[in-house]
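Structure data follow from target.cif (mmCIF, C-alpha atoms and all ligand atoms):
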data_data
#
loop_
_atom_site.group_PDB
_atom_site.id
_atom_site.type_symbol
_atom_site.label_atom_id
_atom_site.label_comp_id
_atom_site.auth_asym_id
_atom_site.auth_seq_id
_atom_site.Cartn_x
_atom_site.Cartn_y
_atom_site.Cartn_z
ATOM 1 C CA MET A 410 26.405 24.579 22.758
ATOM 2 C CA ILE A 411 26.240 21.398 20.641
ATOM 3 C CA ARG A 412 24.141 21.902 17.503
ATOM 4 C CA VAL A 413 22.274 18.902 16.079
ATOM 5 C CA LEU A 414 20.240 18.707 12.868
ATOM 6 C CA VAL A 415 17.570 15.987 12.778
ATOM 7 C CA MET A 416 16.658 14.998 9.220
ATOM 8 C CA SER A 417 13.814 12.762 8.074
ATOM 9 C CA GLY A 418 13.338 11.397 4.584
ATOM 10 C CA PRO A 419 10.387 10.317 2.453
ATOM 11 C CA ASN A 420 6.989 9.494 3.928
ATOM 12 C CA LEU A 421 8.111 10.254 7.478
ATOM 13 C CA ASN A 422 5.913 13.366 7.350
ATOM 14 C CA LEU A 423 3.020 10.870 7.482
ATOM 15 C CA LEU A 424 4.103 9.294 10.781
ATOM 16 C CA GLY A 425 1.227 8.783 13.158
ATOM 17 C CA GLY A 426 -1.143 7.666 10.410
ATOM 18 C CA ARG A 427 1.257 5.726 8.192
ATOM 19 C CA GLU A 428 1.304 1.945 8.815
ATOM 20 C CA PRO A 429 0.780 2.446 12.575
ATOM 21 C CA ASP A 430 1.309 -1.275 13.219
ATOM 22 C CA VAL A 431 4.897 -0.826 11.984
ATOM 23 C CA TYR A 432 5.723 2.785 12.877
ATOM 24 C CA GLY A 433 3.400 3.529 15.814
ATOM 25 C CA THR A 434 0.948 6.392 16.267
ATOM 26 C CA THR A 435 3.396 9.134 17.227
ATOM 27 C CA SER A 436 3.528 11.928 14.623
ATOM 28 C CA LEU A 437 6.748 13.514 13.392
ATOM 29 C CA GLY A 438 5.643 16.707 15.156
ATOM 30 C CA ASP A 439 5.349 14.760 18.438
ATOM 31 C CA ILE A 440 8.831 13.282 17.892
ATOM 32 C CA GLU A 441 10.255 16.740 17.211
ATOM 33 C CA ALA A 442 8.618 18.084 20.390
ATOM 34 C CA ALA A 443 10.181 15.220 22.418
ATOM 35 C CA LEU A 444 13.555 15.956 20.805
ATOM 36 C CA SER A 445 13.291 19.651 21.645
ATOM 37 C CA SER A 446 12.599 18.791 25.320
ATOM 38 C CA ARG A 447 15.488 16.323 25.480
ATOM 39 C CA ALA A 448 17.803 18.811 23.761
ATOM 40 C CA ALA A 449 16.920 21.434 26.377
ATOM 41 C CA GLU A 450 17.766 18.945 29.164
ATOM 42 C CA LEU A 451 21.088 18.205 27.453
ATOM 43 C CA ASP A 452 21.777 21.899 26.907
ATOM 44 C CA ALA A 453 21.954 21.256 23.152
ATOM 45 C CA GLN A 454 20.399 23.033 20.188
ATOM 46 C CA VAL A 455 18.255 21.005 17.778
ATOM 47 C CA SER A 456 16.812 21.843 14.347
ATOM 48 C CA PHE A 457 14.650 19.778 12.026
ATOM 49 C CA ALA A 458 14.345 19.080 8.304
ATOM 50 C CA GLN A 459 12.069 16.660 6.432
ATOM 51 C CA SER A 460 11.820 16.072 2.715
ATOM 52 C CA ASN A 461 10.387 13.503 0.349
ATOM 53 C CA HIS A 462 13.056 14.423 -2.222
ATOM 54 C CA GLU A 463 16.523 12.918 -2.488
ATOM 55 C CA GLY A 464 18.189 16.080 -3.826
ATOM 56 C CA VAL A 465 16.669 18.250 -1.104
ATOM 57 C CA LEU A 466 18.069 15.890 1.542
ATOM 58 C CA ILE A 467 21.494 16.005 -0.138
ATOM 59 C CA ASP A 468 21.389 19.823 -0.238
ATOM 60 C CA ALA A 469 20.442 19.901 3.461
ATOM 61 C CA LEU A 470 23.330 17.576 4.358
ATOM 62 C CA GLN A 471 25.828 19.665 2.412
ATOM 63 C CA ALA A 472 24.491 22.840 4.047
ATOM 64 C CA ALA A 473 24.751 21.221 7.506
ATOM 65 C CA ASP A 474 28.511 20.768 7.143
ATOM 66 C CA GLY A 475 30.209 23.343 9.333
ATOM 67 C CA GLN A 476 26.870 24.557 10.729
ATOM 68 C CA TYR A 477 26.114 21.574 12.999
ATOM 69 C CA ASP A 478 28.173 19.305 15.240
ATOM 70 C CA ALA A 479 26.209 16.188 14.274
ATOM 71 C CA VAL A 480 23.258 15.078 12.149
ATOM 72 C CA VAL A 481 20.633 12.501 13.158
ATOM 73 C CA PHE A 482 19.205 11.092 9.938
ATOM 74 C CA ASN A 483 16.326 8.761 9.119
ATOM 75 C CA PRO A 484 16.681 8.417 5.339
ATOM 76 C CA GLY A 485 13.488 6.293 5.037
ATOM 77 C CA ALA A 486 13.485 4.010 1.993
ATOM 78 C CA PHE A 487 16.530 5.863 0.559
ATOM 79 C CA THR A 488 18.472 3.940 3.222
ATOM 80 C CA HIS A 489 18.334 0.842 1.094
ATOM 81 C CA TYR A 490 19.399 2.116 -2.320
ATOM 82 C CA SER A 491 20.493 5.755 -2.470
ATOM 83 C CA TYR A 492 24.168 5.828 -3.370
ATOM 84 C CA ALA A 493 23.744 9.583 -3.892
ATOM 85 C CA ILE A 494 22.805 10.044 -0.229
ATOM 86 C CA ARG A 495 25.580 7.678 0.828
ATOM 87 C CA ASP A 496 28.075 9.762 -1.171
ATOM 88 C CA ALA A 497 26.716 12.957 0.407
ATOM 89 C CA VAL A 498 27.172 11.511 3.923
ATOM 90 C CA ALA A 499 30.704 10.395 2.997
ATOM 91 C CA SER A 500 31.489 13.823 1.515
ATOM 92 C CA VAL A 501 30.692 15.946 4.564
ATOM 93 C CA SER A 502 32.764 16.069 7.714
ATOM 94 C CA VAL A 503 29.814 16.458 10.088
ATOM 95 C CA PRO A 504 29.165 13.018 11.679
ATOM 96 C CA VAL A 505 25.825 11.392 10.779
ATOM 97 C CA ILE A 506 23.895 8.981 13.003
ATOM 98 C CA GLU A 507 21.404 6.824 11.103
ATOM 99 C CA VAL A 508 18.116 6.138 12.889
ATOM 100 C CA HIS A 509 15.075 3.995 12.125
ATOM 101 C CA LEU A 510 11.846 3.555 14.023
ATOM 102 C CA SER A 511 11.502 -0.069 12.924
ATOM 103 C CA ASN A 512 14.148 -2.773 13.217
ATOM 104 C CA ILE A 513 15.219 -2.818 9.578
ATOM 105 C CA SER A 514 17.046 -6.136 10.114
ATOM 106 C CA ALA A 515 13.830 -7.885 11.148
ATOM 107 C CA ARG A 516 11.660 -6.948 8.152
ATOM 108 C CA GLU A 517 11.682 -7.637 4.399
ATOM 109 C CA SER A 518 15.136 -8.685 3.161
ATOM 110 C CA PHE A 519 15.577 -5.502 1.057
ATOM 111 C CA ARG A 520 15.355 -3.445 4.269
ATOM 112 C CA SER A 521 18.147 -5.314 6.003
ATOM 113 C CA VAL A 522 20.667 -3.611 3.712
ATOM 114 C CA SER A 523 21.604 -0.013 4.520
ATOM 115 C CA VAL A 524 23.894 1.505 1.917
ATOM 116 C CA ILE A 525 24.209 4.533 4.226
ATOM 117 C CA ALA A 526 25.335 2.758 7.425
ATOM 118 C CA PRO A 527 28.976 2.125 6.383
ATOM 119 C CA VAL A 528 29.607 5.875 6.114
ATOM 120 C CA CYS A 529 27.709 6.821 9.301
ATOM 121 C CA ALA A 530 29.082 7.160 12.809
ATOM 122 C CA GLY A 531 26.535 4.534 13.892
ATOM 123 C CA GLN A 532 23.011 3.235 13.485
ATOM 124 C CA ILE A 533 20.054 3.002 15.899
ATOM 125 C CA SER A 534 17.133 0.889 14.699
ATOM 126 C CA GLY A 535 14.025 -0.652 16.196
ATOM 127 C CA PHE A 536 13.040 1.489 19.173
ATOM 128 C CA GLY A 537 10.141 3.393 17.628
ATOM 129 C CA ALA A 538 10.108 7.131 18.265
ATOM 130 C CA ALA A 539 12.753 6.553 20.960
ATOM 131 C CA SER A 540 15.268 5.757 18.190
ATOM 132 C CA TYR A 541 15.327 9.482 17.402
ATOM 133 C CA VAL A 542 15.880 10.411 21.067
ATOM 134 C CA LEU A 543 18.666 7.822 21.380
ATOM 135 C CA GLY A 544 20.119 9.260 18.172
ATOM 136 C CA LEU A 545 20.063 12.764 19.651
ATOM 137 C CA GLU A 546 21.792 11.536 22.821
ATOM 138 C CA ALA A 547 24.479 9.821 20.713
ATOM 139 C CA ALA A 548 24.870 12.974 18.606
ATOM 140 C CA VAL A 549 25.382 15.159 21.678
ATOM 141 C CA ASP A 550 27.931 12.675 23.077
ATOM 142 C CA LEU A 551 29.784 12.657 19.763
ATOM 143 C CA GLY A 552 29.751 16.440 19.567
ATOM 144 C CA ARG A 553 31.097 16.773 23.122
ATOM 145 C CA SER A 554 33.887 14.262 22.569
ATOM 146 C CA ALA A 555 34.981 15.782 19.227
HETATM 147 C C1 LIG B 1 12.298 3.473 8.167
HETATM 148 C C2 LIG B 1 12.555 2.070 7.588
HETATM 149 C C3 LIG B 1 12.577 2.120 6.063
HETATM 150 O O1 LIG B 1 12.751 0.813 5.550
HETATM 151 C C4 LIG B 1 11.276 2.658 5.521
HETATM 152 O O2 LIG B 1 11.338 2.779 4.113
HETATM 153 C C5 LIG B 1 10.885 3.962 6.157
HETATM 154 C C6 LIG B 1 11.050 4.102 7.590
HETATM 155 C C7 LIG B 1 12.148 3.436 9.698
HETATM 156 O O3 LIG B 1 12.246 4.485 10.319
HETATM 157 O O4 LIG B 1 11.894 2.366 10.268
HETATM 158 O O5 LIG B 1 10.368 4.852 5.496
HETATM 159 O O6 LIG B 1 13.422 4.291 7.872
#
Target format structure tokens, applied to this file:
Amino acid sequence: MIRVLVMSGPNLNLLGGREPDVYGTTSLGDIEAALSSRAAELDAQVSFAQSNHEGVLIDALQAADGQYDAVVFNPGAFTHYSYAIRDAVASVSVPVIEVHLSNISARESFRSVSVIAPVCAGQISGFGAASYVLGLEAAVDLGRSA
């Protein structure tokens, strides 16, 4: 069975109440429930991790290597400047799919740069909570074709 880890970075624990005009009203718990249902339909196994701390996210990525077939990762604001997270993604062999609720290319100019994207398998951005589900589907496809 394909094993997927879904990771969320800083402030994503506040989804549902955080800037709802940008990120919608769906909570992270609701997103995780939708991912669990979709994973069951796909006959895949999904686990979740969220942290507001860069080092904790790096530790989780390193620990995921060899334990999961793919990682779906919303690094939050770290997307735009964390070379440490970029290096962690580049250092592990598990493929990482970057996801964003908002379309990061259509917002402030600092958000249009992802320092993580060049070392990811791909990026999904702009579909709200569905970005995570699309990321899971891509992760399962990747895992099956590996
Ligand atoms: C985000 C986009 C980032 O720019 C922002 O800092 C976030 C959320 C998204 O999912 O759209 O925290 O990653």
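The nearest approach to Leu470 of chain A among the residues A:Ala538, A:Leu543, A:Val413, A:Ala442, with only C-alpha atoms taken into account, belongs to A:Val413.
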Report the centre and edge lengths, in Å to one decimal, of an axis-aligned box enclosing every atom of ligand LIG 1 (chain B) listed in the file, padded by 4 Å on each side, as JSON.
{"center_x": 11.9, "center_y": 2.8, "center_z": 7.2, "size_x": 11.1, "size_y": 12.0, "size_z": 14.2}
Result set of the PyMOL selection byres (((not hetatm)) within 9 of (chain B and resi 1)) on the coordinates above, as number ranges by chain: A: 417-421, 431-432, 483-489, 507-513, 516-517, 519-521, 523, 534-535, 537-538, 540
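Ranking A:Met410, A:Ile506, A:Val465, A:Ala515 by their shortest atom-to-atom distance to Ile494 of chain A, with all atoms listed in the file included, puts A:Val465 first.
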Given all atoms listed in the file as the counted atoms, nearest of A:Gln459, A:Ile440, A:Thr434, A:Asp468 to Ala497 of chain A: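 The shortest atom-to-atom distance to Ala497 of chain A comes from A:Asp468.
With only C-alpha atoms as the atoms that count, the residue of A:Leu424, A:Met416, A:Leu437, A:Val522 with the shortest distance to Gly544 of chain A is A:Met416.
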Which residue of A:Ser460, A:Ile525, A:Ala479, A:Ser445 approaches Leu423 of chain A most closely, using only C-alpha atoms: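 Of A:Ser460, A:Ile525, A:Ala479, A:Ser445, the one nearest Leu423 of chain A is A:Ser460, counting only C-alpha atoms.
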Picked residues, the PyMOL selection byres (((chain A and resi 548) around 8) and not hetatm), as a list of chain:residue names: A:Val413, A:Asp478, A:Ala479, A:Val480, A:Val481, A:Ile506, A:Gly544, A:Leu545, A:Glu546, A:Ala547, A:Val549, A:Asp550, A:Leu551, A:Gly552
Between atom CA of Ile411 of chain A and atom CA of Leu466 of chain A - distance in Å to one decimal: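 About the pair atom CA of Leu466 of chain A and atom CA of Ile411 of chain A: they are 21.5 Å apart.
With atom CA of Ala555 of chain A on one side and atom CA of Pro504 of chain A on the other, the separation reads 9.9 Å.
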